[in-house]
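Source file: model.csv; contents: CSV, C-alpha atoms.
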chain,number,residue,atom,x,y,z
X,11,MET,CA,-59.0,-20.0,-34.4
X,12,PRO,CA,-56.2,-22.6,-34.1
X,13,VAL,CA,-54.0,-20.4,-36.3
X,14,ARG,CA,-54.4,-17.4,-33.9
X,15,ARG,CA,-53.7,-19.6,-31.0
X,16,LEU,CA,-50.5,-21.0,-32.6
X,17,ALA,CA,-49.4,-17.4,-33.5
X,18,ARG,CA,-49.8,-16.4,-29.8
X,19,VAL,CA,-47.9,-19.4,-28.6
X,20,LEU,CA,-45.1,-18.7,-31.1
X,21,ALA,CA,-45.0,-15.0,-30.2
X,22,ALA,CA,-44.7,-15.9,-26.5
X,23,LEU,CA,-41.9,-18.4,-27.2
X,24,CYS,CA,-40.0,-15.8,-29.3
X,25,ALA,CA,-40.4,-13.2,-26.5
X,26,LEU,CA,-39.1,-15.7,-23.9
X,27,ALA,CA,-36.1,-16.6,-26.1
X,28,LEU,CA,-35.2,-13.0,-26.6
X,29,SER,CA,-35.5,-12.2,-22.9
X,30,ALA,CA,-33.2,-15.1,-22.2
X,31,LEU,CA,-30.6,-13.8,-24.6
X,32,VAL,CA,-30.8,-10.1,-23.5
X,33,GLN,CA,-29.9,-10.3,-19.8
X,34,PRO,CA,-28.7,-7.3,-17.9
X,35,ALA,CA,-24.9,-7.0,-17.5
X,36,ARG,CA,-23.6,-8.5,-14.3
X,37,ALA,CA,-20.5,-7.2,-12.6
X,38,GLU,CA,-18.2,-9.6,-10.9
X,39,LEU,CA,-16.4,-8.1,-7.8
X,40,SER,CA,-13.4,-10.1,-6.8
X,41,ILE,CA,-11.7,-9.6,-3.4
X,42,ALA,CA,-8.5,-11.6,-3.3
X,43,ILE,CA,-6.6,-11.7,0.0
X,44,ASP,CA,-3.0,-13.1,0.1
X,45,LYS,CA,-2.3,-14.0,3.7
X,46,SER,CA,1.4,-14.5,2.9
X,47,ARG,CA,1.8,-10.9,1.8
X,48,GLN,CA,-0.9,-9.5,4.1
X,49,GLN,CA,-2.5,-7.8,1.0
X,50,MET,CA,-5.9,-7.4,-0.5
X,51,THR,CA,-6.6,-6.9,-4.2
X,52,VAL,CA,-10.1,-5.7,-5.2
X,53,ALA,CA,-11.0,-6.1,-8.9
X,54,LEU,CA,-14.2,-5.4,-10.8
X,55,ASN,CA,-14.7,-7.6,-13.9
X,56,GLY,CA,-11.0,-8.6,-13.8
X,57,GLU,CA,-9.7,-5.0,-13.7
X,58,PRO,CA,-7.8,-4.2,-10.5
X,59,LEU,CA,-9.2,-1.2,-8.6
X,60,PHE,CA,-7.4,-1.3,-5.3
X,61,VAL,CA,-4.4,-3.0,-3.6
X,62,TRP,CA,-4.5,-2.5,0.2
X,63,PRO,CA,-2.5,-3.8,3.2
X,64,VAL,CA,-4.6,-6.0,5.6
X,65,SER,CA,-4.2,-7.7,8.9
X,66,THR,CA,-5.3,-11.4,9.0
X,67,GLY,CA,-5.4,-13.9,11.8
X,68,ALA,CA,-2.4,-14.2,14.1
X,69,ARG,CA,-1.0,-17.6,15.0
X,70,GLY,CA,-3.6,-19.6,16.8
X,71,TYR,CA,-6.4,-17.5,15.3
X,72,ASP,CA,-5.9,-18.4,11.6
X,73,THR,CA,-8.1,-16.8,8.9
X,74,PRO,CA,-9.6,-19.6,6.8
X,75,SER,CA,-8.4,-20.1,3.3
X,76,GLY,CA,-10.8,-20.8,0.4
X,77,ALA,CA,-13.4,-19.1,-1.8
X,78,TYR,CA,-16.5,-17.6,-0.3
X,79,THR,CA,-19.6,-15.6,-1.3
X,80,PRO,CA,-20.4,-13.0,1.4
X,81,PHE,CA,-23.8,-13.3,2.9
X,82,ARG,CA,-24.2,-10.4,5.3
X,83,MET,CA,-23.2,-6.8,5.7
X,84,GLU,CA,-23.3,-4.5,8.7
X,85,ARG,CA,-22.3,-0.8,8.7
X,86,THR,CA,-21.8,-0.9,12.5
X,87,HIS,CA,-21.1,-4.1,14.3
X,88,PHE,CA,-19.6,-5.0,17.6
X,89,SER,CA,-18.0,-8.4,18.3
X,90,ARG,CA,-19.9,-10.5,20.8
X,91,GLU,CA,-17.0,-12.9,21.1
X,92,TRP,CA,-14.2,-10.3,21.7
X,93,ASP,CA,-15.3,-7.8,24.3
X,94,ASP,CA,-17.6,-5.8,22.0
X,95,ALA,CA,-14.7,-4.8,19.8
X,96,PRO,CA,-15.9,-2.4,17.1
X,97,MET,CA,-16.0,-3.9,13.5
X,98,PRO,CA,-17.1,-1.0,11.3
X,99,ASN,CA,-18.2,-1.7,7.7
X,100,SER,CA,-18.3,-5.5,8.1
X,101,VAL,CA,-18.7,-7.9,5.2
X,102,PHE,CA,-19.2,-11.4,6.6
X,103,PHE,CA,-18.0,-14.3,4.5
X,104,THR,CA,-18.2,-17.4,6.9
X,105,ARG,CA,-21.0,-18.6,9.2
X,106,GLN,CA,-18.4,-18.8,12.0
X,107,GLY,CA,-18.2,-15.0,12.0
X,108,HIS,CA,-15.2,-14.2,9.9
X,109,ALA,CA,-15.5,-10.8,8.2
X,110,ILE,CA,-13.7,-8.1,6.4
X,111,HIS,CA,-13.9,-4.9,8.5
X,112,GLY,CA,-12.3,-1.7,9.5
X,113,SER,CA,-10.0,-1.4,12.4
X,114,ASN,CA,-8.5,1.5,14.4
X,115,HIS,CA,-5.5,-0.7,15.3
X,116,LEU,CA,-3.5,0.9,12.5
X,117,LYS,CA,-0.1,-0.1,13.7
X,118,ALA,CA,-0.9,-3.8,13.1
X,119,ILE,CA,-2.2,-3.3,9.5
X,120,GLY,CA,0.2,-5.2,7.2
X,121,GLN,CA,1.0,-8.0,9.7
X,122,PRO,CA,-1.0,-10.8,11.2
X,123,ALA,CA,-2.8,-9.6,14.3
X,124,SER,CA,-6.5,-10.3,14.3
X,125,HIS,CA,-8.6,-13.1,15.8
X,126,GLY,CA,-9.4,-14.5,12.4
X,127,CYS,CA,-11.1,-11.6,10.6
X,128,VAL,CA,-9.5,-9.5,7.8
X,129,ARG,CA,-8.8,-6.0,9.1
X,130,LEU,CA,-8.5,-2.9,6.9
X,131,GLU,CA,-7.9,0.7,7.5
X,132,PRO,CA,-11.2,2.4,8.2
X,133,ARG,CA,-11.3,4.5,5.0
X,134,ASN,CA,-10.5,1.4,2.8
X,135,ALA,CA,-13.2,-0.7,4.7
X,136,ARG,CA,-15.8,2.1,4.0
X,137,ILE,CA,-14.9,2.1,0.3
X,138,LEU,CA,-15.1,-1.7,0.1
X,139,PHE,CA,-18.4,-1.8,2.0
X,140,ASP,CA,-19.9,0.7,-0.5
X,141,LEU,CA,-18.6,-1.2,-3.5
X,142,VAL,CA,-20.0,-4.5,-2.2
X,143,ARG,CA,-23.3,-2.9,-1.5
X,144,GLN,CA,-23.4,-1.4,-5.0
X,145,GLU,CA,-22.5,-4.7,-6.8
X,146,GLY,CA,-24.7,-6.9,-4.6
X,147,LEU,CA,-23.5,-9.8,-2.3
X,148,GLN,CA,-24.4,-12.4,-4.9
X,149,ASN,CA,-21.9,-10.9,-7.3
X,150,VAL,CA,-19.0,-10.8,-4.9
X,151,ARG,CA,-16.3,-13.5,-4.5
X,152,VAL,CA,-13.9,-13.5,-1.5
X,153,THR,CA,-10.8,-15.6,-2.1
X,154,LEU,CA,-8.2,-16.2,0.7
X,155,THR,CA,-4.8,-17.8,-0.2
X,156,GLY,CA,-1.4,-18.2,1.3
X,157,GLU,CA,0.0,-19.0,4.7
X,158,THR,CA,0.0,-16.6,7.7
X,159,PRO,CA,3.6,-15.3,8.2
X,160,ALA,CA,5.2,-15.2,11.6
X,161,ARG,CA,4.4,-11.9,13.4
X,162,GLY,CA,7.2,-9.4,12.7
X,163,ALA,CA,8.6,-11.4,9.8
X,164,ALA,CA,10.7,-9.3,7.4
X,165,GLN,CA,8.8,-8.1,4.3
X,166,VAL,CA,10.4,-8.9,1.0
X,167,ALA,CA,10.8,-6.0,-1.4
X,168,ARG,CA,9.1,-6.4,-4.7
X,169,ARG,CA,10.5,-5.0,-7.9
X,170,ASP,CA,7.1,-4.2,-9.5
X,171,TYR,CA,5.8,-2.1,-6.6
X,172,ASP,CA,6.4,1.2,-8.3
X,173,THR,CA,5.4,0.1,-11.8
X,174,ARG,CA,1.8,-0.9,-10.8
X,175,PRO,CA,-0.8,1.9,-11.3
X,176,ARG,CA,-2.3,3.4,-8.1
X,177,TYR,CA,-6.0,3.7,-8.4
X,178,TYR,CA,-7.8,6.4,-6.3
X,179,TYR,CA,-11.4,6.4,-5.4
X,180,PHE,CA,-12.9,9.8,-6.2
X,181,SER,CA,-13.1,10.8,-2.5
X,182,GLU,CA,-9.5,9.6,-1.8
X,183,ARG,CA,-6.8,12.1,-2.3
X,184,PRO,CA,-3.1,11.9,-1.5
X,185,TYR,CA,-2.2,13.8,1.7
X,186,TYR,CA,0.8,16.1,1.7
X,187,ALA,CA,2.0,17.4,5.0
X,188,PRO,CA,2.6,21.1,5.3
X,189,ARG,CA,6.2,22.2,5.2
X,190,PRO,CA,7.7,23.1,8.5
X,191,ARG,CA,8.2,26.8,9.1
X,192,ALA,CA,11.8,27.9,8.9
X,193,GLU,CA,13.4,29.2,12.0
X,194,LEU,CA,14.7,32.7,11.8
X,195,PRO,CA,18.4,33.0,12.7
X,196,PHE,CA,17.5,36.0,14.9
X,197,GLN,CA,14.6,36.8,17.2
X,198,LEU,CA,12.3,39.7,16.4
X,199,PRO,CA,11.9,41.9,19.5
X,200,PHE,CA,8.2,42.7,19.1
X,201,PHE,CA,7.0,39.2,18.3
X,202,GLY,CA,7.0,37.0,21.4
X,203,ARG,CA,7.6,33.4,21.5
Taking this structure as input, can you express it in the form of structure tokens?
Amino acid sequence: MPVRRLARVLAALCALALSALVQPARAELSIAIDKSRQQMTVALNGEPLFVWPVSTGARGYDTPSGAYTPFRMERTHFSREWDDAPMPNSVFFTRQGHAIHGSNHLKAIGQPASHGCVRLEPRNARILFDLVRQEGLQNVRVTLTGETPARGAAQVARRDYDTRPRYYYFSERPYYAPRPRAELPFQLPFFGR
């Protein structure tokens, strides 16, 4: 009887040891925001997926620097503090209400203009929201670095801009505007204008 009991205990310990060694693969989603360049880099397990322009806090409404783990997501959110401003696809990373979200104020993307949040173009915010949901909040790290530049500061050209690969999400396709129709040098009598 004691031999059977010992065999069961050893089998249980072996099973526990094996389960500790064989853990499911965990993806690490990194969202790095450089306030100096007004740019976000999204990487999965160290491999860059996206590089997007953002809009961080304007002077007096600084976006906090540091490393955060997001704790809440809302597909549709309206700011209680700023006149019910829409904040679609919000990923909240501070308890004070700072979030990464979409914005229809597209002219300001790429320069500091928000009240402390990180604004993205709506399409990019939707992609990021879905990616964060897929990986799980506990596997996401948001890192904010740099200083907020003065509004309207000149952007410095970077040499490596064209050499970096451009990654497209499957639903994202480059847009090509249709060519303008050529004007005829004469007017056709039976086709009105």
Judged by only C-alpha atoms, the minimum distance to His111 in chain X among X:Arg18, X:Arg90, X:Arg69, X:Arg133 is found for X:Arg133
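Taking CA of Phe88 in chain X and CA of Gln121 in chain X as the two end points, the separation is 22.3 Å.
Counting all atoms listed in the file and comparing X:Thr51, X:Ile41, X:Leu59, X:Val64, the residue that lies closest to Gly120 in chain X is X:Val64.
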- Considering all atoms listed in the file, state which residue in the set X:His115, X:Glu131, X:Pro159, X:Phe103 is at the smallest distance from Met50 in chain X.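 The closest residue to Met50 in chain X is X:Glu131.
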For this session: Up to 10 Å from (-2.1, -11.7, 12.6) in the file's coordinates: name the residues, counting all atoms listed in the file, as a ChimeraX atom specification.
Result: /X:45,48,64-73,118-129,158-162
Residues of the last selection are to be written out with C-alpha atoms, as a compact mmCIF listing (two decimals), keeping the file's coordinate frame.
# COMPACT_ATOMS: atom_id res chain seq x y z
CA LYS X 45 -2.30 -14.00 3.70
CA GLN X 48 -0.90 -9.50 4.10
CA VAL X 64 -4.60 -6.00 5.60
CA SER X 65 -4.20 -7.70 8.90
CA THR X 66 -5.30 -11.40 9.00
CA GLY X 67 -5.40 -13.90 11.80
CA ALA X 68 -2.40 -14.20 14.10
CA ARG X 69 -1.00 -17.60 15.00
CA GLY X 70 -3.60 -19.60 16.80
CA TYR X 71 -6.40 -17.50 15.30
CA ASP X 72 -5.90 -18.40 11.60
CA THR X 73 -8.10 -16.80 8.90
CA ALA X 118 -0.90 -3.80 13.10
CA ILE X 119 -2.20 -3.30 9.50
CA GLY X 120 0.20 -5.20 7.20
CA GLN X 121 1.00 -8.00 9.70
CA PRO X 122 -1.00 -10.80 11.20
CA ALA X 123 -2.80 -9.60 14.30
CA SER X 124 -6.50 -10.30 14.30
CA HIS X 125 -8.60 -13.10 15.80
CA GLY X 126 -9.40 -14.50 12.40
CA CYS X 127 -11.10 -11.60 10.60
CA VAL X 128 -9.50 -9.50 7.80
CA ARG X 129 -8.80 -6.00 9.10
CA THR X 158 0.00 -16.60 7.70
CA PRO X 159 3.60 -15.30 8.20
CA ALA X 160 5.20 -15.20 11.60
CA ARG X 161 4.40 -11.90 13.40
CA GLY X 162 7.20 -9.40 12.70
Students should find that CA of Glu91 in chain X and CA of Ala77 in chain X are spaced 24.0 Å
| Which one is closest to Val152 in chain X: X:Arg85, X:Arg47, X:Arg15, X:His108? Count all atoms listed in the file. |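 Among X:Arg85, X:Arg47, X:Arg15, X:His108, it is X:His108 that comes nearest to Val152 in chain X.
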With a distance cut-off of 12 Å and only C-alpha atoms, select the neighbouring residues of Glu145 in chain X, excluding the residue or stretch itself and same-chain residues fewer than 6 positions from it, and output the selection as a PyMOL selection string. chain X and resi 35-40+53-55+80+138-139+151
Interatomic distance, CA of Pro74 in chain X to CA of Glu57 in chain X (Å, one decimal):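 Straight-line distance from CA of Pro74 in chain X to CA of Glu57 in chain X works out to 25.2 Å.
With only C-alpha atoms as the atoms that count, the residue of X:Phe81, X:Ile110, X:Val61, X:Ala42 with the shortest distance to Arg136 in chain X is X:Ile110.
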Between X:Phe102, X:Pro96, X:Asp140, X:Arg14, smallest distance to Arg82 in chain X by only C-alpha atoms belongs to X:Phe102
Need to verify the contact set: Glu84 in chain X, 7 Å, only C-alpha atoms, exclusion of same-chain residues closer than 5 positions in sequence. Can you return it as a PyMOL selection string? chain X and resi 99-101
